[in-house]
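J.: My structure file work.cif, mmCIF, C-alpha atoms and all ligand atoms, is below:
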```cif
data_protein
#
loop_
_atom_site.group_PDB
_atom_site.id
_atom_site.type_symbol
_atom_site.label_atom_id
_atom_site.label_comp_id
_atom_site.auth_asym_id
_atom_site.auth_seq_id
_atom_site.Cartn_x
_atom_site.Cartn_y
_atom_site.Cartn_z
ATOM 1 C CA MET T 1 16.240 -1.863 2.082
ATOM 2 C CA ARG T 2 13.248 -1.890 4.436
ATOM 3 C CA ARG T 3 14.248 1.479 5.899
ATOM 4 C CA LEU T 4 14.581 3.013 2.431
ATOM 5 C CA PHE T 5 11.242 1.603 1.270
ATOM 6 C CA ASP T 6 9.622 2.997 4.426
ATOM 7 C CA LEU T 7 11.300 6.326 3.773
ATOM 8 C CA VAL T 8 9.803 6.629 0.288
ATOM 9 C CA GLY T 9 6.392 5.357 1.352
ATOM 10 C CA ILE T 10 6.327 1.799 -0.029
ATOM 11 C CA PRO T 11 4.508 -0.460 2.438
ATOM 12 C CA GLY T 12 5.268 -4.190 2.724
ATOM 13 C CA ALA T 13 8.957 -3.833 1.892
ATOM 14 C CA ALA T 14 9.827 -7.511 2.422
ATOM 15 C CA GLN T 15 7.238 -8.682 -0.134
ATOM 16 C CA ARG T 16 7.634 -5.827 -2.611
ATOM 17 C CA ALA T 17 11.426 -6.155 -2.747
ATOM 18 C CA ARG T 18 10.928 -9.545 -4.450
ATOM 19 C CA LEU T 19 8.709 -8.175 -7.218
ATOM 20 C CA TYR T 20 9.809 -7.377 -10.765
ATOM 21 C CA PRO T 21 9.387 -3.792 -12.018
ATOM 22 C CA HIS T 22 6.426 -4.757 -14.224
ATOM 23 C CA GLU T 23 4.647 -6.008 -11.094
ATOM 24 C CA LEU T 24 4.813 -2.553 -9.501
ATOM 25 C CA SER T 25 2.781 0.517 -10.474
ATOM 26 C CA GLY T 26 4.418 3.513 -12.176
ATOM 27 C CA GLY T 27 4.381 5.468 -8.929
ATOM 28 C CA GLN T 28 5.925 2.568 -6.975
ATOM 29 C CA ASN T 29 8.682 2.172 -9.567
ATOM 30 C CA GLN T 30 9.425 5.879 -9.228
ATOM 31 C CA ARG T 31 9.607 5.525 -5.446
ATOM 32 C CA VAL T 32 12.005 2.580 -5.809
ATOM 33 C CA MET T 33 14.233 4.733 -8.041
ATOM 34 C CA ILE T 34 14.240 7.459 -5.398
ATOM 35 C CA ALA T 35 15.055 4.869 -2.689
ATOM 36 C CA MET T 36 18.007 3.632 -4.785
ATOM 37 C CA ALA T 37 19.245 7.215 -5.194
ATOM 38 C CA LEU T 38 19.010 7.767 -1.429
ATOM 39 C CA ALA T 39 20.959 4.593 -0.579
ATOM 40 C CA GLY T 40 24.265 6.454 -0.908
ATOM 41 C CA GLN T 41 23.075 9.210 1.475
ATOM 42 C CA PRO T 42 23.745 11.982 -1.054
ATOM 43 C CA ASP T 43 24.117 15.652 -0.172
ATOM 44 C CA ILE T 44 22.529 16.529 -3.526
ATOM 45 C CA LEU T 45 19.759 14.566 -5.207
ATOM 46 C CA ILE T 46 19.519 15.162 -8.965
ATOM 47 C CA ALA T 47 16.040 14.182 -10.156
ATOM 48 C CA ASP T 48 15.869 14.177 -13.964
ATOM 49 C CA GLU T 49 12.236 14.280 -15.150
ATOM 50 C CA PRO T 50 11.016 12.374 -12.050
ATOM 51 C CA THR T 51 7.332 12.744 -12.936
ATOM 52 C CA THR T 52 7.398 11.937 -16.655
ATOM 53 C CA ALA T 53 4.597 9.562 -17.739
ATOM 54 C CA LEU T 54 2.853 9.752 -14.360
ATOM 55 C CA ASP T 55 -0.704 11.015 -14.025
ATOM 56 C CA VAL T 56 -1.213 14.297 -12.168
ATOM 57 C CA THR T 57 -2.147 12.603 -8.885
ATOM 58 C CA LEU T 58 1.034 10.523 -8.863
ATOM 59 C CA GLN T 59 3.015 13.556 -10.011
ATOM 60 C CA ALA T 60 1.843 15.486 -6.981
ATOM 61 C CA GLN T 61 2.650 12.567 -4.655
ATOM 62 C CA ILE T 62 6.202 12.199 -6.026
ATOM 63 C CA LEU T 63 6.862 15.958 -5.820
ATOM 64 C CA ILE T 64 5.607 16.081 -2.224
ATOM 65 C CA LEU T 65 7.784 13.059 -1.411
ATOM 66 C CA LEU T 66 10.891 14.669 -2.940
ATOM 67 C CA ASP T 67 10.263 17.914 -1.092
ATOM 68 C CA THR T 68 9.684 16.096 2.211
ATOM 69 C CA LEU T 69 12.881 14.037 1.794
ATOM 70 C CA ARG T 70 14.844 17.160 0.892
ATOM 71 C CA ARG T 71 13.775 18.877 4.090
ATOM 72 C CA GLU T 72 14.036 15.877 6.414
ATOM 73 C CA LEU T 73 17.394 14.627 5.123
ATOM 74 C CA GLY T 74 18.918 18.085 4.671
ATOM 75 C CA MET T 75 19.731 17.472 0.994
ATOM 76 C CA ALA T 76 19.798 19.877 -1.903
ATOM 77 C CA LEU T 77 17.431 18.888 -4.718
ATOM 78 C CA VAL T 78 18.230 19.643 -8.359
ATOM 79 C CA LEU T 79 15.081 19.028 -10.381
ATOM 80 C CA ILE T 80 15.395 18.779 -14.169
ATOM 81 C CA SER T 81 12.108 19.075 -16.030
ATOM 82 C CA HIS T 82 10.422 20.330 -19.187
ATOM 83 C CA ASP T 83 7.242 20.897 -17.175
ATOM 84 C CA LEU T 84 7.129 24.510 -15.995
ATOM 85 C CA SER T 85 4.306 23.873 -13.544
ATOM 86 C CA VAL T 86 6.314 21.092 -11.852
ATOM 87 C CA VAL T 87 9.348 23.370 -11.610
ATOM 88 C CA GLY T 88 7.297 26.307 -10.368
ATOM 89 C CA GLU T 89 5.649 24.267 -7.603
ATOM 90 C CA THR T 90 8.846 22.628 -6.386
ATOM 91 C CA CYS T 91 11.863 24.889 -6.877
ATOM 92 C CA GLN T 92 13.073 27.952 -5.030
ATOM 93 C CA ARG T 93 15.477 28.917 -7.799
ATOM 94 C CA ILE T 94 15.209 28.184 -11.540
ATOM 95 C CA ALA T 95 17.820 28.019 -14.295
ATOM 96 C CA VAL T 96 16.396 28.038 -17.838
ATOM 97 C CA VAL T 97 18.581 26.126 -20.315
ATOM 98 C CA TYR T 98 18.610 26.644 -24.087
ATOM 99 C CA ALA T 99 20.908 24.763 -26.484
ATOM 100 C CA GLY T 100 22.985 23.425 -23.605
ATOM 101 C CA ARG T 101 23.558 26.747 -21.804
ATOM 102 C CA ILE T 102 21.884 28.504 -18.909
ATOM 103 C CA VAL T 103 20.189 31.539 -20.462
ATOM 104 C CA GLU T 104 18.363 32.829 -17.384
ATOM 105 C CA THR T 105 18.539 32.181 -13.663
ATOM 106 C CA ALA T 106 16.460 33.710 -10.887
ATOM 107 C CA PRO T 107 14.248 32.891 -7.896
ATOM 108 C CA ALA T 108 11.136 31.057 -9.132
ATOM 109 C CA ALA T 109 8.897 34.127 -8.737
ATOM 110 C CA GLY T 110 11.259 36.183 -10.909
ATOM 111 C CA ILE T 111 11.145 33.659 -13.741
ATOM 112 C CA PHE T 112 7.350 33.478 -13.746
ATOM 113 C CA ASN T 113 6.491 37.122 -12.968
ATOM 114 C CA THR T 114 9.266 39.037 -14.742
ATOM 115 C CA PRO T 115 10.881 36.700 -17.305
ATOM 116 C CA ALA T 116 13.811 38.499 -18.909
ATOM 117 C CA HIS T 117 15.325 36.310 -21.621
ATOM 118 C CA PRO T 118 13.274 36.157 -24.841
ATOM 119 C CA TYR T 119 13.410 32.335 -24.714
ATOM 120 C CA THR T 120 11.909 32.268 -21.199
ATOM 121 C CA GLN T 121 9.255 34.760 -22.312
ATOM 122 C CA GLY T 122 8.491 32.523 -25.306
ATOM 123 C CA LEU T 123 8.230 29.424 -23.106
ATOM 124 C CA LEU T 124 5.718 31.112 -20.822
ATOM 125 C CA LYS T 125 3.654 32.403 -23.750
ATOM 126 C CA ALA T 126 3.505 28.830 -25.112
ATOM 127 C CA THR T 127 2.480 27.253 -21.790
ATOM 128 C CA PRO T 128 -1.097 27.112 -20.432
ATOM 129 C CA ARG T 129 -1.293 28.883 -17.061
ATOM 130 C CA PRO T 130 -4.292 29.450 -14.759
ATOM 131 C CA GLN T 131 -3.861 33.233 -14.880
ATOM 132 C CA GLY T 132 -3.726 33.107 -18.707
ATOM 133 C CA ARG T 133 -7.149 31.500 -19.089
ATOM 134 C CA GLY T 134 -8.655 32.413 -22.490
ATOM 135 C CA ARG T 135 -5.358 33.764 -23.783
ATOM 136 C CA GLN T 136 -4.018 32.334 -27.054
ATOM 137 C CA LEU T 137 -0.899 30.165 -26.712
ATOM 138 C CA LEU T 138 1.939 31.342 -28.951
ATOM 139 C CA PRO T 139 4.544 28.802 -30.098
ATOM 140 C CA ILE T 140 8.194 29.803 -30.435
ATOM 141 C CA PRO T 141 8.969 29.770 -34.181
ATOM 142 C CA GLY T 142 11.780 27.598 -35.552
ATOM 143 C CA GLN T 143 13.715 24.736 -34.007
ATOM 144 C CA VAL T 144 16.433 24.263 -31.401
ATOM 145 C CA PRO T 145 19.749 24.106 -33.331
ATOM 146 C CA GLU T 146 21.601 20.798 -33.661
ATOM 147 C CA PRO T 147 24.634 20.558 -31.332
ATOM 148 C CA GLY T 148 26.962 20.251 -34.328
ATOM 149 C CA ASN T 149 25.347 23.127 -36.213
ATOM 150 C CA MET T 150 25.068 25.959 -33.702
ATOM 151 C CA PRO T 151 24.596 29.481 -35.099
ATOM 152 C CA SER T 152 27.326 32.005 -34.421
ATOM 153 C CA GLY T 153 26.704 34.513 -31.649
ATOM 154 C CA CYS T 154 23.599 33.995 -29.533
ATOM 155 C CA ALA T 155 22.195 30.493 -30.112
ATOM 156 C CA PHE T 156 18.634 31.831 -29.810
ATOM 157 C CA ALA T 157 19.107 34.560 -32.418
ATOM 158 C CA PRO T 158 17.418 32.747 -35.369
ATOM 159 C CA ARG T 159 14.226 32.446 -33.264
ATOM 160 C CA CYS T 160 14.372 35.667 -31.273
ATOM 161 C CA PRO T 161 11.889 38.510 -31.944
ATOM 162 C CA HIS T 162 14.407 41.021 -30.493
ATOM 163 C CA ALA T 163 17.484 39.864 -32.449
ATOM 164 C CA ARG T 164 19.688 42.572 -33.933
ATOM 165 C CA GLY T 165 23.045 42.761 -35.692
ATOM 166 C CA GLN T 166 25.336 42.086 -32.725
ATOM 167 C CA CYS T 167 23.293 39.035 -31.680
ATOM 168 C CA GLY T 168 24.694 37.084 -34.625
ATOM 169 C CA VAL T 169 28.251 37.884 -33.528
ATOM 170 C CA ILE T 170 28.387 37.901 -29.716
ATOM 171 C CA SER T 171 27.459 34.981 -27.470
ATOM 172 C CA PRO T 172 26.471 36.851 -24.282
ATOM 173 C CA GLY T 173 27.331 35.668 -20.780
ATOM 174 C CA LEU T 174 24.887 36.051 -17.917
ATOM 175 C CA LEU T 175 24.097 39.722 -17.265
ATOM 176 C CA ARG T 176 22.302 41.202 -14.297
ATOM 177 C CA VAL T 177 18.630 41.934 -14.966
ATOM 178 C CA SER T 178 16.843 43.711 -12.145
ATOM 179 C CA HIS T 179 18.672 42.645 -8.982
ATOM 180 C CA ALA T 180 21.701 40.632 -7.919
ATOM 181 C CA HIS T 181 19.847 37.290 -8.072
ATOM 182 C CA HIS T 182 18.334 37.581 -11.550
ATOM 183 C CA HIS T 183 20.591 37.125 -14.594
ATOM 184 C CA ALA T 184 19.970 36.561 -18.307
ATOM 185 C CA ALA T 185 22.353 35.725 -21.148
ATOM 186 C CA CYS T 186 20.983 38.356 -23.504
ATOM 187 C CA LEU T 187 22.496 41.437 -25.102
ATOM 188 C CA LEU T 188 19.344 43.399 -24.236
ATOM 189 C CA PHE T 189 20.817 43.559 -20.723
ATOM 190 C CA ALA T 190 24.214 44.864 -21.771
ATOM 191 C CA SER T 191 24.770 48.340 -20.291
ATOM 192 C CA ASP T 192 24.306 50.117 -23.638
ATOM 193 C CA SER T 193 21.018 48.326 -24.443
ATOM 194 C CA ARG T 194 19.020 48.385 -21.247
ATOM 195 C CA SER T 195 16.608 51.072 -22.395
ATOM 196 C CA SER T 196 15.032 48.604 -24.855
ATOM 197 C CA VAL T 197 14.518 45.632 -22.523
ATOM 198 C CA PRO T 198 10.863 44.607 -22.295
ATOM 199 C CA HIS T 199 9.074 43.723 -19.010
ATOM 200 C CA ASN T 200 11.861 44.516 -16.567
ATOM 201 C CA PRO T 201 12.922 47.393 -14.393
ATOM 202 C CA ARG T 202 16.276 48.893 -15.327
ATOM 203 C CA GLU T 203 19.408 49.142 -13.282
ATOM 204 C CA PRO T 204 22.716 50.521 -14.549
ATOM 205 C CA ALA T 205 24.669 47.293 -14.190
ATOM 206 C CA ASN T 206 26.323 44.853 -16.567
ATOM 207 C CA ASP T 207 28.184 42.440 -14.289
ATOM 208 C CA THR T 208 28.619 38.865 -15.409
ATOM 209 C CA ALA T 209 28.036 35.764 -13.254
HETATM 210 S S1 LIG N 301 21.174 38.196 -27.333
HETATM 211 FE FE1 LIG N 301 19.915 38.964 -29.038
HETATM 212 S S2 LIG N 301 19.167 37.135 -30.107
HETATM 213 FE FE2 LIG N 301 19.947 36.484 -28.103
HETATM 214 S S3 LIG N 301 18.143 36.440 -26.817
HETATM 215 FE FE3 LIG N 301 19.082 38.462 -26.556
HETATM 216 S S4 LIG N 301 18.072 39.796 -28.071
HETATM 217 FE FE4 LIG N 301 17.607 37.678 -28.622
#
```
Represent the structure contained in this file as structure tokens.
T.:
Amino acid sequence: MRRLFDLVGIPGAAQRARLYPHELSGGQNQRVMIAMALAGQPDILIADEPTTALDVTLQAQILILLDTLRRELGMALVLISHDLSVVGETCQRIAVVYAGRIVETAPAAGIFNTPAHPYTQGLLKATPRPQGRGRQLLPIPGQVPEPGNMPSGCAFAPRCPHARGQCGVISPGLLRVSHAHHHAACLLFASDSRSSVPHNPREPANDTA
């Protein structure tokens, strides 16, 4: 216990271990959760929204802690978050999920600089970013479908500005975008449609992952 508390940066382990959660701060509670997750010496740490409800200072501290632990303990870190800035600062590789499926996966720079899937593009247009200062934020129209009422074909089709006939019929797998490490589940990247894909260089490939 003391070693784990030291590891996650909680001083006075002997005293603090006797406290109830409401007697600890939000950041300390988060560190205790991380210590509990590390107790089993995992090879992979899955952190699901680890910074939710924390102020930006504590957010930064928890993200630095997770990154330090990942490097020092040789773990893989899977970070699940709705916060694009948190993901962008922390992750080497990003998988964007829509309606329960990965719709785009790429190194972090690829997601932010050359987003390929219309959902990823919509997310970035709806998110404040330093380089977009003064630019109007554009919400994605419509709602995420209910799990029991998914549309046929591509699940994003009812909200997609690029939807066409086949999108309501075919649910695309991941297709290569611009290089072997960037894939999107979108028919715009099928071999017969690549000439109409916005924002991305073209390559004559249609392999699935
Ligand atoms: S498959 Fe069609 S509807 Fe789905 S994201 Fe691509 S263009 Fe839009």
J.: Contacts of stretch 29-34 of chain T at 8 Å or less, counting all atoms listed in the file, minus same-chain residues fewer than 6 places along, as number ranges by chain?
T.: T: 5, 8-10, 21, 50, 62
J.: Choose the residue, out of T:Val169, T:Leu54, T:Leu63, T:Leu7, that has the smallest atom-to-atom separation from ligand LIG 301 (chain N); count only C-alpha atoms and all ligand atoms.
T.: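 Counting only C-alpha atoms and all ligand atoms, the residue closest to ligand LIG 301 (chain N) is T:Val169.
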J.: Would you kindly translate the PyMOL selection byres (((not hetatm)) within 10 of (chain N and resi 301)) into the concrete residues it picks from this file, as a PyMOL selection string?
T.: chain T and resi 103+116-120+153-173+184-190+193+196-197
J.: Between T:Ala180, T:Ala37, T:Leu19, T:Ala99, which one has atoms that come closest to T:Gly148, using only C-alpha atoms?
T.: T:Ala99
J.: Can you list, as a list of chain:residue names, every protein, DNA or RNA residue that comes within 12 Å of T:Pro42 when you count all atoms listed in the file, leaving out same-chain residues fewer than 3 positions away?
T.: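 My reading of the contact set: T:Ile34, T:Ala35, T:Met36, T:Ala37, T:Leu38, T:Ala39, T:Leu45, T:Ile46, T:Leu69, T:Arg70, T:Leu73, T:Gly74, T:Met75, T:Ala76, T:Leu77, T:Val78.
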J.: Considering all atoms listed in the file, return as an MDAnalysis selection string whatever protein or nucleic-acid residues lie within 12 Å of T:His82, sequence-local ones (same chain, fewer than 3 positions apart) excluded.
T.: chainID T and resid 48:52 79 85:88 94:98 123:124 127
J.: Which residues fall under the PyMOL selection byres (((chain T and resi 137-147) around 6) and not hetatm) in this file, as a PyMOL selection string?
T.: chain T and resi 122+125-126+136+148-150+159
J.: Taking C-alpha atoms for each residue, export the selection above as a PDB file, in the frame of the given file.
T.:
```
ATOM      1  CA  GLY T 122       8.491  32.523 -25.306  1.00  0.00           C
ATOM      2  CA  LYS T 125       3.654  32.403 -23.750  1.00  0.00           C
ATOM      3  CA  ALA T 126       3.505  28.830 -25.112  1.00  0.00           C
ATOM      4  CA  GLN T 136      -4.018  32.334 -27.054  1.00  0.00           C
ATOM      5  CA  GLY T 148      26.962  20.251 -34.328  1.00  0.00           C
ATOM      6  CA  ASN T 149      25.347  23.127 -36.213  1.00  0.00           C
ATOM      7  CA  MET T 150      25.068  25.959 -33.702  1.00  0.00           C
ATOM      8  CA  ARG T 159      14.226  32.446 -33.264  1.00  0.00           C
TER       9      ARG T 159
END
```
J.: From the structure just shown, export stretch 107-145 of chain T with N, CA and C atoms as a tab-separated table (two decimals), in the first residue's frame.
T.:
```
chain	number	residue	atom	x	y	z
T	107	PRO	N	-2.07	7.46	-36.22
T	107	PRO	CA	-1.25	8.19	-35.25
T	107	PRO	C	-1.93	9.52	-34.91
T	108	ALA	N	-1.68	10.03	-33.69
T	108	ALA	CA	-2.41	11.22	-33.23
T	108	ALA	C	-2.32	12.37	-34.23
T	109	ALA	N	-1.14	12.60	-34.80
T	109	ALA	CA	-0.99	13.72	-35.73
T	109	ALA	C	-1.90	13.55	-36.95
T	110	GLY	N	-2.09	12.32	-37.40
T	110	GLY	CA	-2.94	12.07	-38.56
T	110	GLY	C	-4.40	12.41	-38.27
T	111	ILE	N	-4.85	12.07	-37.06
T	111	ILE	CA	-6.24	12.36	-36.69
T	111	ILE	C	-6.46	13.88	-36.65
T	112	PHE	N	-5.52	14.61	-36.08
T	112	PHE	CA	-5.73	16.04	-35.89
T	112	PHE	C	-5.41	16.85	-37.16
T	113	ASN	N	-4.43	16.41	-37.94
T	113	ASN	CA	-4.01	17.21	-39.10
T	113	ASN	C	-4.72	16.81	-40.39
T	114	THR	N	-5.01	15.53	-40.55
T	114	THR	CA	-5.68	15.07	-41.78
T	114	THR	C	-6.80	14.09	-41.42
T	115	PRO	N	-7.82	14.56	-40.67
T	115	PRO	CA	-8.92	13.65	-40.32
T	115	PRO	C	-9.61	13.17	-41.59
T	116	ALA	N	-9.94	11.88	-41.64
T	116	ALA	CA	-10.47	11.31	-42.87
T	116	ALA	C	-11.97	11.01	-42.78
T	117	HIS	N	-12.40	10.41	-41.69
T	117	HIS	CA	-13.81	10.03	-41.57
T	117	HIS	C	-14.66	11.29	-41.31
T	118	PRO	N	-15.81	11.41	-41.98
T	118	PRO	CA	-16.64	12.59	-41.76
T	118	PRO	C	-17.02	12.82	-40.29
T	119	TYR	N	-17.12	11.75	-39.49
T	119	TYR	CA	-17.43	11.94	-38.07
T	119	TYR	C	-16.25	12.61	-37.36
T	120	THR	N	-15.03	12.15	-37.63
T	120	THR	CA	-13.84	12.77	-37.03
T	120	THR	C	-13.75	14.23	-37.45
T	121	GLN	N	-14.00	14.50	-38.74
T	121	GLN	CA	-13.95	15.88	-39.22
T	121	GLN	C	-14.99	16.73	-38.49
T	122	GLY	N	-16.18	16.15	-38.27
T	122	GLY	CA	-17.24	16.87	-37.56
T	122	GLY	C	-16.85	17.15	-36.11
T	123	LEU	N	-16.24	16.15	-35.46
T	123	LEU	CA	-15.80	16.34	-34.07
T	123	LEU	C	-14.82	17.49	-33.96
T	124	LEU	N	-13.87	17.54	-34.88
T	124	LEU	CA	-12.85	18.59	-34.81
T	124	LEU	C	-13.44	19.96	-35.12
T	125	LYS	N	-14.43	20.01	-36.01
T	125	LYS	CA	-15.07	21.30	-36.32
T	125	LYS	C	-15.92	21.79	-35.15
T	126	ALA	N	-16.33	20.86	-34.27
T	126	ALA	CA	-17.18	21.23	-33.14
T	126	ALA	C	-16.38	21.47	-31.87
T	127	THR	N	-15.05	21.34	-31.95
T	127	THR	CA	-14.20	21.43	-30.76
T	127	THR	C	-13.33	22.67	-30.82
T	128	PRO	N	-13.32	23.49	-29.76
T	128	PRO	CA	-12.41	24.66	-29.75
T	128	PRO	C	-10.96	24.20	-29.78
T	129	ARG	N	-10.16	24.81	-30.65
T	129	ARG	CA	-8.73	24.48	-30.72
T	129	ARG	C	-7.94	25.78	-30.85
T	130	PRO	N	-6.73	25.81	-30.27
T	130	PRO	CA	-5.95	27.06	-30.30
T	130	PRO	C	-5.76	27.59	-31.72
T	131	GLN	N	-5.50	26.70	-32.67
T	131	GLN	CA	-5.25	27.15	-34.04
T	131	GLN	C	-6.54	27.57	-34.76
T	132	GLY	N	-7.71	27.30	-34.12
T	132	GLY	CA	-8.98	27.69	-34.74
T	132	GLY	C	-9.58	28.92	-34.09
T	133	ARG	N	-8.76	29.69	-33.42
T	133	ARG	CA	-9.22	30.89	-32.70
T	133	ARG	C	-10.01	31.80	-33.64
T	134	GLY	N	-11.24	32.20	-33.22
T	134	GLY	CA	-12.06	33.08	-34.04
T	134	GLY	C	-12.93	32.34	-35.04
T	135	ARG	N	-12.68	31.05	-35.19
T	135	ARG	CA	-13.47	30.27	-36.15
T	135	ARG	C	-14.75	29.78	-35.48
T	136	GLN	N	-15.86	29.80	-36.23
T	136	GLN	CA	-17.14	29.36	-35.68
T	136	GLN	C	-17.13	27.85	-35.45
T	137	LEU	N	-17.66	27.42	-34.30
T	137	LEU	CA	-17.77	25.98	-34.03
T	137	LEU	C	-19.04	25.46	-34.69
T	138	LEU	N	-18.93	24.32	-35.35
T	138	LEU	CA	-20.06	23.76	-36.10
T	138	LEU	C	-20.49	22.44	-35.48
T	139	PRO	N	-21.69	22.37	-34.90
T	139	PRO	CA	-22.14	21.10	-34.31
T	139	PRO	C	-22.46	20.07	-35.40
T	140	ILE	N	-22.35	18.80	-35.04
T	140	ILE	CA	-22.76	17.73	-35.95
T	140	ILE	C	-24.28	17.60	-35.83
T	141	PRO	N	-25.02	17.71	-36.94
T	141	PRO	CA	-26.48	17.64	-36.83
T	141	PRO	C	-26.93	16.24	-36.41
T	142	GLY	N	-28.13	16.16	-35.81
T	142	GLY	CA	-28.71	14.86	-35.48
T	142	GLY	C	-28.17	14.27	-34.20
T	143	GLN	N	-28.52	13.02	-33.96
T	143	GLN	CA	-28.17	12.33	-32.72
T	143	GLN	C	-27.50	11.00	-33.03
T	144	VAL	N	-26.72	10.51	-32.06
T	144	VAL	CA	-26.17	9.15	-32.17
T	144	VAL	C	-27.35	8.17	-32.10
T	145	PRO	N	-27.41	7.17	-33.00
T	145	PRO	CA	-28.55	6.24	-32.97
T	145	PRO	C	-28.57	5.38	-31.70
```
